[in-house]
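Working notes, beginning with the structure itself.
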Amino acid sequence: MIEIRIHGRGGQGGVTLAELLAKAAIARGKFAQAFPSFGPERRGAPVMAFVRVDDKKIRVREKIYAPNLVLVLDPTLFDIVNVAEGLQEGGTVIVNSAASAAELRKKYGWPKAAQVDAAKVAMEELGVPITNTTMLGALLKASGVLPVESMKAVIEDRFGPKLGPKNFKALNRAYQETRLA
Amino acid sequence: MPKRIGIEVSLAVADAVKMAKADVISAYPITPQTHIVEELSTYVANGELDAEFVPVESEHSAMSAAVGASAAGARVYTATSAQGLALMHEILFIASAMRLPIVMTVANRSLSGPISIWNDHSDIMTERDINWIQLFVEDGQESLELTLAAFKIAEDKRVLLPTCVNMDGFMLTHMIEPIVFPDQAVVDKFLPTYKPLLTLDPKKPATLGPVGVPEVYLEAKKQCEQALLDSLDVVKEVLAEVNKTFGRKYDLVETNGRKKAETLFVTMGSLGETCWSAVDNLIAQGQDVGQARIRLWRPFPVKEFIKACKGAERLIVIDRAISPGSVCGPVAQEIKSVFYGLKDAPEIVNIIAGIGGRDVPVADFEEMYRLAKKRKLAKTYTLWGLNSNA
């Protein structure tokens, strides 16, 4: 079972990211769960979302305490939240940042890091600094949990014929540009 | 062909109500609500569901409108949660006394105060004695299928009682997971159009819900309770039909883990799944443990429960509500009553866990097992996770 914790700020689309990933996994015949951090969410406040993916029925309804992967949508969170809390040995922190993966890994002592400048990609591809679909590309690159193609249908379903292909393109570009360290 | 998709469980329940072709939905979107009625209001607004959506001004009115519509012969649905259910309180008794087959989802949450929107069973346990059929589900698939089943059970001529499907707030309502959707044709065959026995009809005047003077009140109450007791066989029958139609293995009480295990966990609702994983881990460690999962809470399946526990020396009963001033939580009270005076009754320990949304991970169940086995748990009940410095 792969357990993923997503850190973002309220309004950045972390819950949608979790939802898209789980739906794509389920569409490929896998089992998955996606859920928000339960409670009142406030725009701009640090929030979390969670995803589990497995090949068999998932019979756990606890929070995710020891993720294999952590994804961070907002680089301003590194210094106020311990995003790597509970991260499994050999786990990866996947970040939206202009700094290099090696630099971030060293600075925060993460076991592994995956980095893409998702804000830049999102601005250029979508015209808005919403990085959730872009960061999905980085997550797929860092984890190989699903092939990139598997995201196409769920993204187009979620964002429609106009924005869907743009978001999928941003995802693809992020997949290419993600650097691992 | 059945379709398997990833969907939020609340939305799947809304789809179940759509597939059940409910005629009237009354609801008040008080906090906390779920996406169920929101989605249903969309279905009605865009013509996907030919129903009357009654946006009322309170949950008290939501249940009152449901009573009126059901008395007029409609297939009626509503959903609620916590304080909303509490506000329905007095009308819940009217619905059962009038034998109205209303179906309601209760997204189980704690009652305030302190103000809470998180999950436990304190809302429904407060409404234990409303004479409704009360089912509990463990996952999204069951939420969809037992919502359909609830209509079939409630509307059965041998039953005619309101039925609520309890699904854990957040833990299920806000979870995206794989759910297999049946074809509409299969649902139509499973759940034909509702044909009421007696309705409010100006052309055929009748009185529903009149005064019960002391000479008849008791008899009316007894009839109502008898209907609830008799509904057990119908629930069983309908579950068997669900199993046949949708390929499941639902039962009034379900078991997993080792057969005739020395220690059995007893759970109700979605914590059952997490506990199941703990039971599997414990068995892998060589422990003699199993689990009984209660699906039907009212009427309580006494015979079936005793059978499920046969051979067990110890039951660890997990409650999700506090019964202040009592000797233990409501589920443990029930089970102690069931076993009272029986030969070979097991030792019954009670753990009240997951109160107000407190997480209960797999490892906690394993710890509960170890403490119970060493007899380190209180004879009354243990409030799990209580910070004793508080």
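Numbering starts fresh at 1 for the residues of each chain in the structure tokens, the chains themselves are lettered A, B, ... in the order given, and ligands are numbered from 1 as they appear.
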
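Contact shell of region 323-327 of chain B at 12 Å (only C-alpha atoms; same-chain neighbours under 5 positions omitted): His121, Ser122, Asp123, Met125, Thr126, Arg128, Ala332, Gln333, Glu334, Lys336, Val349, Asn350, Ile351, Ile352, Ile355, Ala378, Lys379, Thr380, Tyr381, Thr382 and Leu383 of chain B.
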
Would you mind exporting C-alpha atoms of the selected residues as a compact mmCIF listing (two decimals), in the first residue's frame?
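Saved result, result.txt, follows:
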# COMPACT_ATOMS: atom_id res chain seq x y z
CA HIS B 121 -22.36 7.72 17.42
CA SER B 122 -23.72 10.04 20.10
CA ASP B 123 -26.39 11.40 17.74
CA MET B 125 -27.59 6.60 20.41
CA THR B 126 -29.63 9.52 21.74
CA ARG B 128 -32.08 4.69 20.11
CA ALA B 332 -22.14 -2.79 25.78
CA GLN B 333 -25.32 -2.22 27.81
CA GLU B 334 -27.24 -4.00 25.09
CA LYS B 336 -24.64 -7.33 28.67
CA VAL B 349 -15.24 -5.48 28.48
CA ASN B 350 -16.23 -2.14 27.07
CA ILE B 351 -14.08 0.43 25.35
CA ILE B 352 -15.57 3.75 24.35
CA ILE B 355 -15.32 10.09 20.58
CA ALA B 378 -11.82 -1.36 33.86
CA LYS B 379 -14.78 -3.61 34.71
CA THR B 380 -17.17 -0.83 33.70
CA TYR B 381 -15.72 0.87 30.65
CA THR B 382 -12.54 2.50 29.42
CA LEU B 383 -12.55 5.88 27.72

Contacts from chain B to chain A, 9 Å maximum, only C-alpha atoms: show me the residue list as a list in words. Arg4, Ile5, Gly6, Ile7, Glu8, Ile117, Trp118, Phe170, Met171, Leu172, His174, Met175, Ile176, Glu177, Pro178, Ser270, Leu271, Gly272, Glu273, Thr274, Cys275, Trp276, Ser277, Gly357, Asp359, Val360, Pro361 and Val362 of chain B

Selection file, C-alpha atoms, as a PDB file, in the first residue's frame:
ATOM      1  CA  ARG B   4     -16.935   0.704 -10.728  1.00  0.00           C
ATOM      2  CA  ILE B   5     -15.866   4.279 -10.082  1.00  0.00           C
ATOM      3  CA  GLY B   6     -14.046   6.366  -7.497  1.00  0.00           C
ATOM      4  CA  ILE B   7     -16.575   8.662  -5.868  1.00  0.00           C
ATOM      5  CA  GLU B   8     -17.242  10.412  -2.576  1.00  0.00           C
ATOM      6  CA  ILE B 117     -18.805  18.311  13.741  1.00  0.00           C
ATOM      7  CA  TRP B 118     -16.685  15.157  13.981  1.00  0.00           C
ATOM      8  CA  PHE B 170     -16.292  12.255   7.601  1.00  0.00           C
ATOM      9  CA  MET B 171     -14.888   8.706   7.930  1.00  0.00           C
ATOM     10  CA  LEU B 172     -17.361   7.643   5.238  1.00  0.00           C
ATOM     11  CA  HIS B 174     -16.131  12.574   2.909  1.00  0.00           C
ATOM     12  CA  MET B 175     -14.170   9.563   1.676  1.00  0.00           C
ATOM     13  CA  ILE B 176     -13.495   8.927  -2.004  1.00  0.00           C
ATOM     14  CA  GLU B 177     -13.294   5.209  -2.617  1.00  0.00           C
ATOM     15  CA  PRO B 178     -14.226   2.631  -5.248  1.00  0.00           C
ATOM     16  CA  SER B 270     -16.703   2.065   9.861  1.00  0.00           C
ATOM     17  CA  LEU B 271     -14.271   1.440  12.741  1.00  0.00           C
ATOM     18  CA  GLY B 272     -15.046  -2.199  12.034  1.00  0.00           C
ATOM     19  CA  GLU B 273     -12.714  -2.095   9.035  1.00  0.00           C
ATOM     20  CA  THR B 274      -9.765  -0.698  10.974  1.00  0.00           C
ATOM     21  CA  CYS B 275     -10.416  -3.251  13.727  1.00  0.00           C
ATOM     22  CA  TRP B 276     -10.533  -5.989  11.089  1.00  0.00           C
ATOM     23  CA  SER B 277      -6.976  -5.094  10.040  1.00  0.00           C
ATOM     24  CA  GLY B 357     -13.573  12.389  15.910  1.00  0.00           C
ATOM     25  CA  ASP B 359      -8.694   8.793  15.537  1.00  0.00           C
ATOM     26  CA  VAL B 360      -8.523   5.088  16.426  1.00  0.00           C
ATOM     27  CA  PRO B 361      -5.649   3.542  14.464  1.00  0.00           C
ATOM     28  CA  VAL B 362      -5.033  -0.162  13.872  1.00  0.00           C
TER      29      VAL B 362
END

Could you pull out the alpha helix (DSSP H) residues of region 26-143 of chain B from DSSP and send them as a PyMOL selection string? chain B and resi 35-45+59-71+82-97+122-126+140-143

With N, CA and C atoms retained, write the just-selected residues as a CSV table (one decimal), in the first residue's frame.
chain,number,residue,atom,x,y,z
B,35,HIS,N,-22.8,16.1,1.4
B,35,HIS,CA,-23.1,16.5,0.0
B,35,HIS,C,-24.4,15.8,-0.5
B,36,ILE,N,-24.9,14.9,0.4
B,36,ILE,CA,-26.0,14.1,-0.1
B,36,ILE,C,-27.2,14.9,-0.6
B,37,VAL,N,-27.8,15.7,0.3
B,37,VAL,CA,-29.0,16.5,-0.1
B,37,VAL,C,-28.6,17.6,-1.2
B,38,GLU,N,-27.4,18.1,-1.1
B,38,GLU,CA,-27.0,19.1,-2.0
B,38,GLU,C,-27.0,18.5,-3.4
B,39,GLU,N,-26.5,17.3,-3.5
B,39,GLU,CA,-26.4,16.6,-4.8
B,39,GLU,C,-27.8,16.3,-5.3
B,40,LEU,N,-28.7,15.8,-4.4
B,40,LEU,CA,-30.1,15.5,-4.7
B,40,LEU,C,-30.8,16.7,-5.2
B,41,SER,N,-30.5,17.9,-4.6
B,41,SER,CA,-31.2,19.1,-5.0
B,41,SER,C,-30.8,19.5,-6.5
B,42,THR,N,-29.5,19.2,-6.8
B,42,THR,CA,-29.1,19.4,-8.2
B,42,THR,C,-29.8,18.4,-9.1
B,43,TYR,N,-29.9,17.2,-8.7
B,43,TYR,CA,-30.6,16.2,-9.6
B,43,TYR,C,-32.0,16.6,-9.9
B,44,VAL,N,-32.7,17.1,-8.8
B,44,VAL,CA,-34.1,17.6,-9.0
B,44,VAL,C,-34.1,18.8,-9.9
B,45,ALA,N,-33.2,19.7,-9.6
B,45,ALA,CA,-33.2,21.0,-10.4
B,45,ALA,C,-33.0,20.8,-11.9
B,59,GLU,N,-34.5,21.2,10.7
B,59,GLU,CA,-34.6,19.8,10.6
B,59,GLU,C,-35.9,19.3,11.2
B,60,HIS,N,-36.4,20.0,12.1
B,60,HIS,CA,-37.7,19.6,12.7
B,60,HIS,C,-38.8,19.6,11.6
B,61,SER,N,-38.7,20.7,10.7
B,61,SER,CA,-39.6,20.8,9.6
B,61,SER,C,-39.2,19.7,8.5
B,62,ALA,N,-38.0,19.4,8.4
B,62,ALA,CA,-37.6,18.4,7.4
B,62,ALA,C,-38.3,17.1,7.7
B,63,MET,N,-38.2,16.7,9.0
B,63,MET,CA,-38.9,15.4,9.3
B,63,MET,C,-40.4,15.6,9.3
B,64,SER,N,-40.9,16.7,9.6
B,64,SER,CA,-42.4,17.0,9.6
B,64,SER,C,-42.9,16.9,8.1
B,65,ALA,N,-42.1,17.5,7.2
B,65,ALA,CA,-42.5,17.4,5.8
B,65,ALA,C,-42.4,16.0,5.3
B,66,ALA,N,-41.4,15.3,5.8
B,66,ALA,CA,-41.3,13.9,5.4
B,66,ALA,C,-42.5,13.0,5.9
B,67,VAL,N,-42.9,13.3,7.1
B,67,VAL,CA,-44.1,12.6,7.6
B,67,VAL,C,-45.3,12.9,6.7
B,68,GLY,N,-45.5,14.2,6.4
B,68,GLY,CA,-46.7,14.6,5.6
B,68,GLY,C,-46.6,13.9,4.2
B,69,ALA,N,-45.5,14.0,3.6
B,69,ALA,CA,-45.3,13.4,2.2
B,69,ALA,C,-45.5,11.9,2.2
B,70,SER,N,-45.0,11.3,3.3
B,70,SER,CA,-45.1,9.8,3.3
B,70,SER,C,-46.5,9.4,3.6
B,71,ALA,N,-47.2,10.2,4.4
B,71,ALA,CA,-48.6,9.9,4.7
B,71,ALA,C,-49.5,10.1,3.4
B,82,ALA,N,-26.1,14.7,13.6
B,82,ALA,CA,-25.8,15.4,14.9
B,82,ALA,C,-27.0,16.2,15.4
B,83,GLN,N,-26.7,17.6,15.5
B,83,GLN,CA,-27.7,18.5,16.0
B,83,GLN,C,-29.0,18.5,15.2
B,84,GLY,N,-28.8,18.3,13.9
B,84,GLY,CA,-30.0,18.2,13.0
B,84,GLY,C,-30.9,17.0,13.4
B,85,LEU,N,-30.3,15.9,13.7
B,85,LEU,CA,-31.1,14.7,14.1
B,85,LEU,C,-31.8,15.0,15.5
B,86,ALA,N,-31.0,15.7,16.4
B,86,ALA,CA,-31.6,16.0,17.7
B,86,ALA,C,-32.8,17.0,17.5
B,87,LEU,N,-32.7,17.9,16.6
B,87,LEU,CA,-33.8,18.8,16.4
B,87,LEU,C,-35.1,18.1,15.8
B,88,MET,N,-34.8,16.9,15.1
B,88,MET,CA,-35.9,16.1,14.6
B,88,MET,C,-36.6,15.3,15.7
B,89,HIS,N,-36.0,15.2,16.8
B,89,HIS,CA,-36.3,14.3,17.9
B,89,HIS,C,-37.8,13.9,18.0
B,90,GLU,N,-38.7,14.9,18.3
B,90,GLU,CA,-40.1,14.6,18.6
B,90,GLU,C,-40.8,14.0,17.4
B,91,ILE,N,-40.4,14.4,16.2
B,91,ILE,CA,-41.1,14.0,15.0
B,91,ILE,C,-40.7,12.5,14.6
B,92,LEU,N,-39.5,12.1,15.1
B,92,LEU,CA,-39.0,10.8,14.8
B,92,LEU,C,-40.0,9.7,15.3
B,93,PHE,N,-40.6,10.0,16.5
B,93,PHE,CA,-41.5,9.1,17.2
B,93,PHE,C,-42.9,9.1,16.4
B,94,ILE,N,-43.2,10.3,15.9
B,94,ILE,CA,-44.5,10.4,15.1
B,94,ILE,C,-44.4,9.5,13.9
B,95,ALA,N,-43.2,9.6,13.2
B,95,ALA,CA,-43.0,8.9,11.9
B,95,ALA,C,-43.2,7.4,12.2
B,96,SER,N,-42.6,6.9,13.3
B,96,SER,CA,-42.8,5.4,13.5
B,96,SER,C,-44.1,5.1,14.0
B,97,ALA,N,-44.7,5.9,14.8
B,97,ALA,CA,-46.1,5.6,15.3
B,97,ALA,C,-47.1,5.6,14.2
B,122,SER,N,-22.9,9.5,19.0
B,122,SER,CA,-23.7,10.0,20.1
B,122,SER,C,-25.0,10.6,19.6
B,123,ASP,N,-25.1,10.9,18.3
B,123,ASP,CA,-26.4,11.4,17.7
B,123,ASP,C,-27.4,10.3,17.7
B,124,ILE,N,-27.1,9.2,17.1
B,124,ILE,CA,-28.1,8.1,16.9
B,124,ILE,C,-28.3,7.4,18.3
B,125,MET,N,-27.3,7.3,19.1
B,125,MET,CA,-27.6,6.6,20.4
B,125,MET,C,-28.6,7.4,21.3
B,126,THR,N,-28.6,8.7,21.1
B,126,THR,CA,-29.6,9.5,21.7
B,126,THR,C,-31.0,9.2,21.2
B,140,GLY,N,-18.3,2.4,1.6
B,140,GLY,CA,-19.1,3.1,0.6
B,140,GLY,C,-20.0,2.2,-0.1
B,141,GLN,N,-19.5,1.0,-0.5
B,141,GLN,CA,-20.4,0.1,-1.2
B,141,GLN,C,-21.6,-0.2,-0.4
B,142,GLU,N,-21.5,-0.5,0.9
B,142,GLU,CA,-22.6,-0.8,1.7
B,142,GLU,C,-23.6,0.4,1.8
B,143,SER,N,-23.0,1.6,1.8
B,143,SER,CA,-23.8,2.8,1.9
B,143,SER,C,-24.7,2.9,0.8

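Shortest separation to Leu282 (chain B) among B:Asp233, B:Glu304, B:Glu367, B:Asp251 occurs at residue B:Glu367, atoms counted being only C-alpha atoms.
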
How many Å lie between CA of Phe151 (chain B) and CA of Pro210 (chain B), rounded to one decimal? 25.5 Å

Among region 59-269 of chain B, which ones does DSSP assign to strand (DSSP E) (computed from the backbone)? Answer as a PyMOL selection string. chain B and resi 76-80+103-108+133-136+163-168+176-181+253-257+263-267

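Atom pair CA of Val235 (chain B) / CA of Leu252 (chain B) has a distance of 7.9 Å (rounded to one decimal).
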
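Here CA of Pro192 (chain B) stands at a distance of 25.6 Å from CA of Ala206 (chain B).
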
Find the residues around region 237-239 of chain B up to 7 Å (only C-alpha atoms counted), leave out those fewer than 3 positions away in its own chain, and share them as a list in words. Ala149, Ile153, Asp233, Val234, Val242, Asn243, Tyr250 and Asp251 of chain B

Near Ser100 (chain A), within 12 Å and counting only C-alpha atoms, which residues show up once chain neighbours fewer than 3 positions away are dropped, as a CSV table (one decimal) with C-alpha atoms, in the first residue's frame?
chain,number,residue,atom,x,y,z
A,94,ILE,CA,7.8,16.2,-3.6
A,95,VAL,CA,7.8,19.9,-3.7
A,96,ASN,CA,6.7,22.9,-5.7
A,97,SER,CA,9.8,25.1,-5.4
A,103,GLU,CA,19.6,21.9,-2.0
A,104,LEU,CA,16.2,21.3,-0.3
A,105,ARG,CA,17.0,17.7,0.6
A,106,LYS,CA,20.2,18.9,2.3
A,107,LYS,CA,18.6,21.9,4.0
A,113,ALA,CA,13.4,15.0,-2.7
A,114,ALA,CA,11.6,15.6,-6.0
A,115,GLN,CA,11.3,19.2,-7.2
A,116,VAL,CA,9.6,21.1,-9.9
A,117,ASP,CA,8.9,24.8,-10.2
A,177,GLU,CA,10.8,19.0,-15.6
A,178,THR,CA,10.7,17.2,-12.2
A,179,ARG,CA,14.2,16.6,-10.7
A,180,LEU,CA,14.9,13.9,-8.2
A,181,ALA,CA,17.6,14.0,-5.5

Neighbours of Lys189 (chain B) within 12 Å (only C-alpha atoms; same-chain residues fewer than 5 positions away dropped), as a PyMOL selection string? chain B and resi 19-20+148+152+182-184+241-242+245

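Among the candidates A:His7, A:Lys56, A:Lys112, A:Lys141, the residue lying nearest to Leu77 (chain A) is A:His7 (atoms considered: only C-alpha atoms).
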
Show me, as a PyMOL selection string, the residues that have an atom within 12 Å of Val121 (chain A) when counting only C-alpha atoms, minus same-chain residues fewer than 2 positions from it. chain A and resi 96-98+116-119+123-135+137-138+166-178

Kindly export the residues of the current selection with N, CA and C atoms, as a short mmCIF file (atom, residue, chain, number, x, y, z; two decimals), in the first residue's frame.
data_model
loop_
_atom_site.label_atom_id
_atom_site.label_comp_id
_atom_site.auth_asym_id
_atom_site.auth_seq_id
_atom_site.Cartn_x
_atom_site.Cartn_y
_atom_site.Cartn_z
N ASN A 96 6.83 21.85 -4.72
CA ASN A 96 6.75 22.95 -5.66
C ASN A 96 7.72 24.00 -5.15
N SER A 97 8.84 24.15 -5.84
CA SER A 97 9.84 25.12 -5.37
C SER A 97 10.76 25.49 -6.53
N ALA A 98 11.31 26.69 -6.44
CA ALA A 98 12.28 27.12 -7.45
C ALA A 98 13.68 26.63 -7.07
N VAL A 116 9.93 20.47 -8.61
CA VAL A 116 9.60 21.12 -9.88
C VAL A 116 9.13 22.53 -9.55
N ASP A 117 9.41 23.48 -10.43
CA ASP A 117 8.92 24.84 -10.21
C ASP A 117 7.48 24.90 -10.74
N ALA A 118 6.58 24.33 -9.97
CA ALA A 118 5.19 24.17 -10.42
C ALA A 118 4.48 25.51 -10.56
N ALA A 119 4.87 26.48 -9.73
CA ALA A 119 4.23 27.80 -9.83
C ALA A 119 4.51 28.39 -11.21
N MET A 123 1.71 29.00 -14.09
CA MET A 123 1.49 30.34 -14.63
C MET A 123 1.60 30.33 -16.15
N GLU A 124 2.58 29.60 -16.67
CA GLU A 124 2.79 29.59 -18.12
C GLU A 124 1.74 28.75 -18.86
N GLU A 125 1.32 27.66 -18.24
CA GLU A 125 0.39 26.76 -18.94
C GLU A 125 -1.07 27.10 -18.67
N LEU A 126 -1.37 27.56 -17.44
CA LEU A 126 -2.76 27.78 -17.05
C LEU A 126 -3.09 29.25 -16.83
N GLY A 127 -2.06 30.03 -16.61
CA GLY A 127 -2.29 31.46 -16.37
C GLY A 127 -2.71 31.77 -14.94
N VAL A 128 -2.72 30.76 -14.08
CA VAL A 128 -3.06 30.98 -12.66
C VAL A 128 -2.05 30.21 -11.80
N PRO A 129 -1.78 30.70 -10.60
CA PRO A 129 -0.79 30.01 -9.76
C PRO A 129 -1.39 28.85 -8.96
N ILE A 130 -2.29 28.08 -9.59
CA ILE A 130 -2.87 26.92 -8.92
C ILE A 130 -2.08 25.70 -9.40
N THR A 131 -1.40 25.04 -8.47
CA THR A 131 -0.38 24.08 -8.88
C THR A 131 -0.78 22.62 -8.67
N ASN A 132 -2.06 22.37 -8.29
CA ASN A 132 -2.37 20.98 -7.91
C ASN A 132 -2.21 19.98 -9.05
N THR A 133 -2.74 20.31 -10.24
CA THR A 133 -2.63 19.34 -11.35
C THR A 133 -1.17 19.25 -11.82
N THR A 134 -0.48 20.40 -11.78
CA THR A 134 0.94 20.41 -12.17
C THR A 134 1.73 19.48 -11.23
N MET A 135 1.47 19.61 -9.95
CA MET A 135 2.22 18.81 -8.97
C MET A 135 1.91 17.32 -9.08
N GLY A 137 1.97 15.78 -11.78
CA GLY A 137 3.02 15.33 -12.69
C GLY A 137 4.28 14.98 -11.93
N ALA A 138 4.64 15.84 -10.97
CA ALA A 138 5.83 15.59 -10.16
C ALA A 138 5.66 14.33 -9.32
N LYS A 166 -5.55 21.70 -20.89
CA LYS A 166 -4.51 22.62 -20.41
C LYS A 166 -3.88 22.06 -19.12
N ASN A 167 -4.74 21.60 -18.22
CA ASN A 167 -4.23 21.05 -16.96
C ASN A 167 -3.42 19.78 -17.21
N PHE A 168 -3.87 18.98 -18.15
CA PHE A 168 -3.14 17.75 -18.45
C PHE A 168 -1.79 18.07 -19.08
N LYS A 169 -1.77 19.13 -19.86
CA LYS A 169 -0.51 19.56 -20.47
C LYS A 169 0.47 20.04 -19.39
N ALA A 170 -0.06 20.79 -18.43
CA ALA A 170 0.78 21.28 -17.32
C ALA A 170 1.34 20.09 -16.53
N LEU A 171 0.50 19.09 -16.33
CA LEU A 171 0.93 17.87 -15.63
C LEU A 171 2.08 17.20 -16.39
N ASN A 172 1.89 17.07 -17.69
CA ASN A 172 2.91 16.43 -18.53
C ASN A 172 4.24 17.18 -18.49
N ARG A 173 4.13 18.52 -18.53
CA ARG A 173 5.35 19.33 -18.53
C ARG A 173 6.06 19.17 -17.18
N ALA A 174 5.28 19.19 -16.11
CA ALA A 174 5.88 19.03 -14.78
C ALA A 174 6.55 17.66 -14.66
N TYR A 175 5.92 16.66 -15.25
CA TYR A 175 6.50 15.32 -15.23
C TYR A 175 7.90 15.35 -15.86
N GLN A 176 8.01 16.06 -17.00
CA GLN A 176 9.31 16.17 -17.69
C GLN A 176 10.32 16.96 -16.86
N GLU A 177 9.84 18.01 -16.21
CA GLU A 177 10.77 18.95 -15.56
C GLU A 177 11.11 18.60 -14.11
N THR A 178 10.46 17.58 -13.58
CA THR A 178 10.72 17.22 -12.18
C THR A 178 12.12 16.62 -12.02
#

Which polymer residues have any atom within 8 Å of an atom of Pro165 (chain A), counting only C-alpha atoms, with same-chain residues fewer than 4 positions away left out, as a PyMOL selection string? chain A and resi 152+155-156+161+169

Export, as a PDB file, in the first residue's frame, the selected residues with all heavy atoms.
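again_29.pdb, freshly written:
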ATOM      1  N   LYS A 152      -5.401  11.460 -17.609  1.00  0.00           N
ATOM      2  CA  LYS A 152      -6.047  12.259 -18.652  1.00  0.00           C
ATOM      3  C   LYS A 152      -7.583  12.314 -18.471  1.00  0.00           C
ATOM      4  O   LYS A 152      -8.167  13.395 -18.408  1.00  0.00           O
ATOM      5  CB  LYS A 152      -5.696  11.665 -20.027  1.00  0.00           C
ATOM      6  CG  LYS A 152      -6.030  12.566 -21.197  1.00  0.00           C
ATOM      7  CD  LYS A 152      -5.335  12.070 -22.471  1.00  0.00           C
ATOM      8  CE  LYS A 152      -5.552  13.011 -23.633  1.00  0.00           C
ATOM      9  NZ  LYS A 152      -6.843  12.866 -24.273  1.00  0.00           N
ATOM     10  N   ILE A 155      -8.834  14.158 -15.260  1.00  0.00           N
ATOM     11  CA  ILE A 155      -8.609  15.610 -15.311  1.00  0.00           C
ATOM     12  C   ILE A 155      -9.601  16.262 -16.272  1.00  0.00           C
ATOM     13  O   ILE A 155     -10.186  17.298 -15.978  1.00  0.00           O
ATOM     14  CB  ILE A 155      -7.140  15.907 -15.684  1.00  0.00           C
ATOM     15  CG1 ILE A 155      -6.258  15.629 -14.463  1.00  0.00           C
ATOM     16  CG2 ILE A 155      -6.971  17.346 -16.170  1.00  0.00           C
ATOM     17  CD1 ILE A 155      -4.805  15.966 -14.624  1.00  0.00           C
ATOM     18  N   GLU A 156      -9.814  15.621 -17.417  1.00  0.00           N
ATOM     19  CA  GLU A 156     -10.760  16.203 -18.374  1.00  0.00           C
ATOM     20  C   GLU A 156     -12.180  16.149 -17.829  1.00  0.00           C
ATOM     21  O   GLU A 156     -12.976  17.058 -18.054  1.00  0.00           O
ATOM     22  CB  GLU A 156     -10.629  15.506 -19.726  1.00  0.00           C
ATOM     23  CG  GLU A 156      -9.291  15.896 -20.359  1.00  0.00           C
ATOM     24  CD  GLU A 156      -9.091  15.363 -21.768  1.00  0.00           C
ATOM     25  OE1 GLU A 156      -9.963  14.633 -22.282  1.00  0.00           O
ATOM     26  OE2 GLU A 156      -8.035  15.688 -22.331  1.00  0.00           O
ATOM     27  N   PRO A 161     -13.812  20.403 -21.160  1.00  0.00           N
ATOM     28  CA  PRO A 161     -13.086  20.338 -22.438  1.00  0.00           C
ATOM     29  C   PRO A 161     -12.114  21.507 -22.636  1.00  0.00           C
ATOM     30  O   PRO A 161     -11.173  21.396 -23.422  1.00  0.00           O
ATOM     31  CB  PRO A 161     -14.211  20.383 -23.474  1.00  0.00           C
ATOM     32  CG  PRO A 161     -15.401  20.921 -22.764  1.00  0.00           C
ATOM     33  CD  PRO A 161     -15.250  20.571 -21.324  1.00  0.00           C
ATOM     34  N   LYS A 169      -1.767  19.132 -19.860  1.00  0.00           N
ATOM     35  CA  LYS A 169      -0.511  19.557 -20.472  1.00  0.00           C
ATOM     36  C   LYS A 169       0.467  20.035 -19.390  1.00  0.00           C
ATOM     37  O   LYS A 169       1.671  19.710 -19.428  1.00  0.00           O
ATOM     38  CB  LYS A 169      -0.780  20.680 -21.489  1.00  0.00           C
ATOM     39  CG  LYS A 169       0.434  20.993 -22.346  1.00  0.00           C
ATOM     40  CD  LYS A 169       0.119  21.983 -23.454  1.00  0.00           C
ATOM     41  CE  LYS A 169       1.439  22.479 -24.057  1.00  0.00           C
ATOM     42  NZ  LYS A 169       1.503  23.930 -24.125  1.00  0.00           N
TER      43      LYS A 169
END
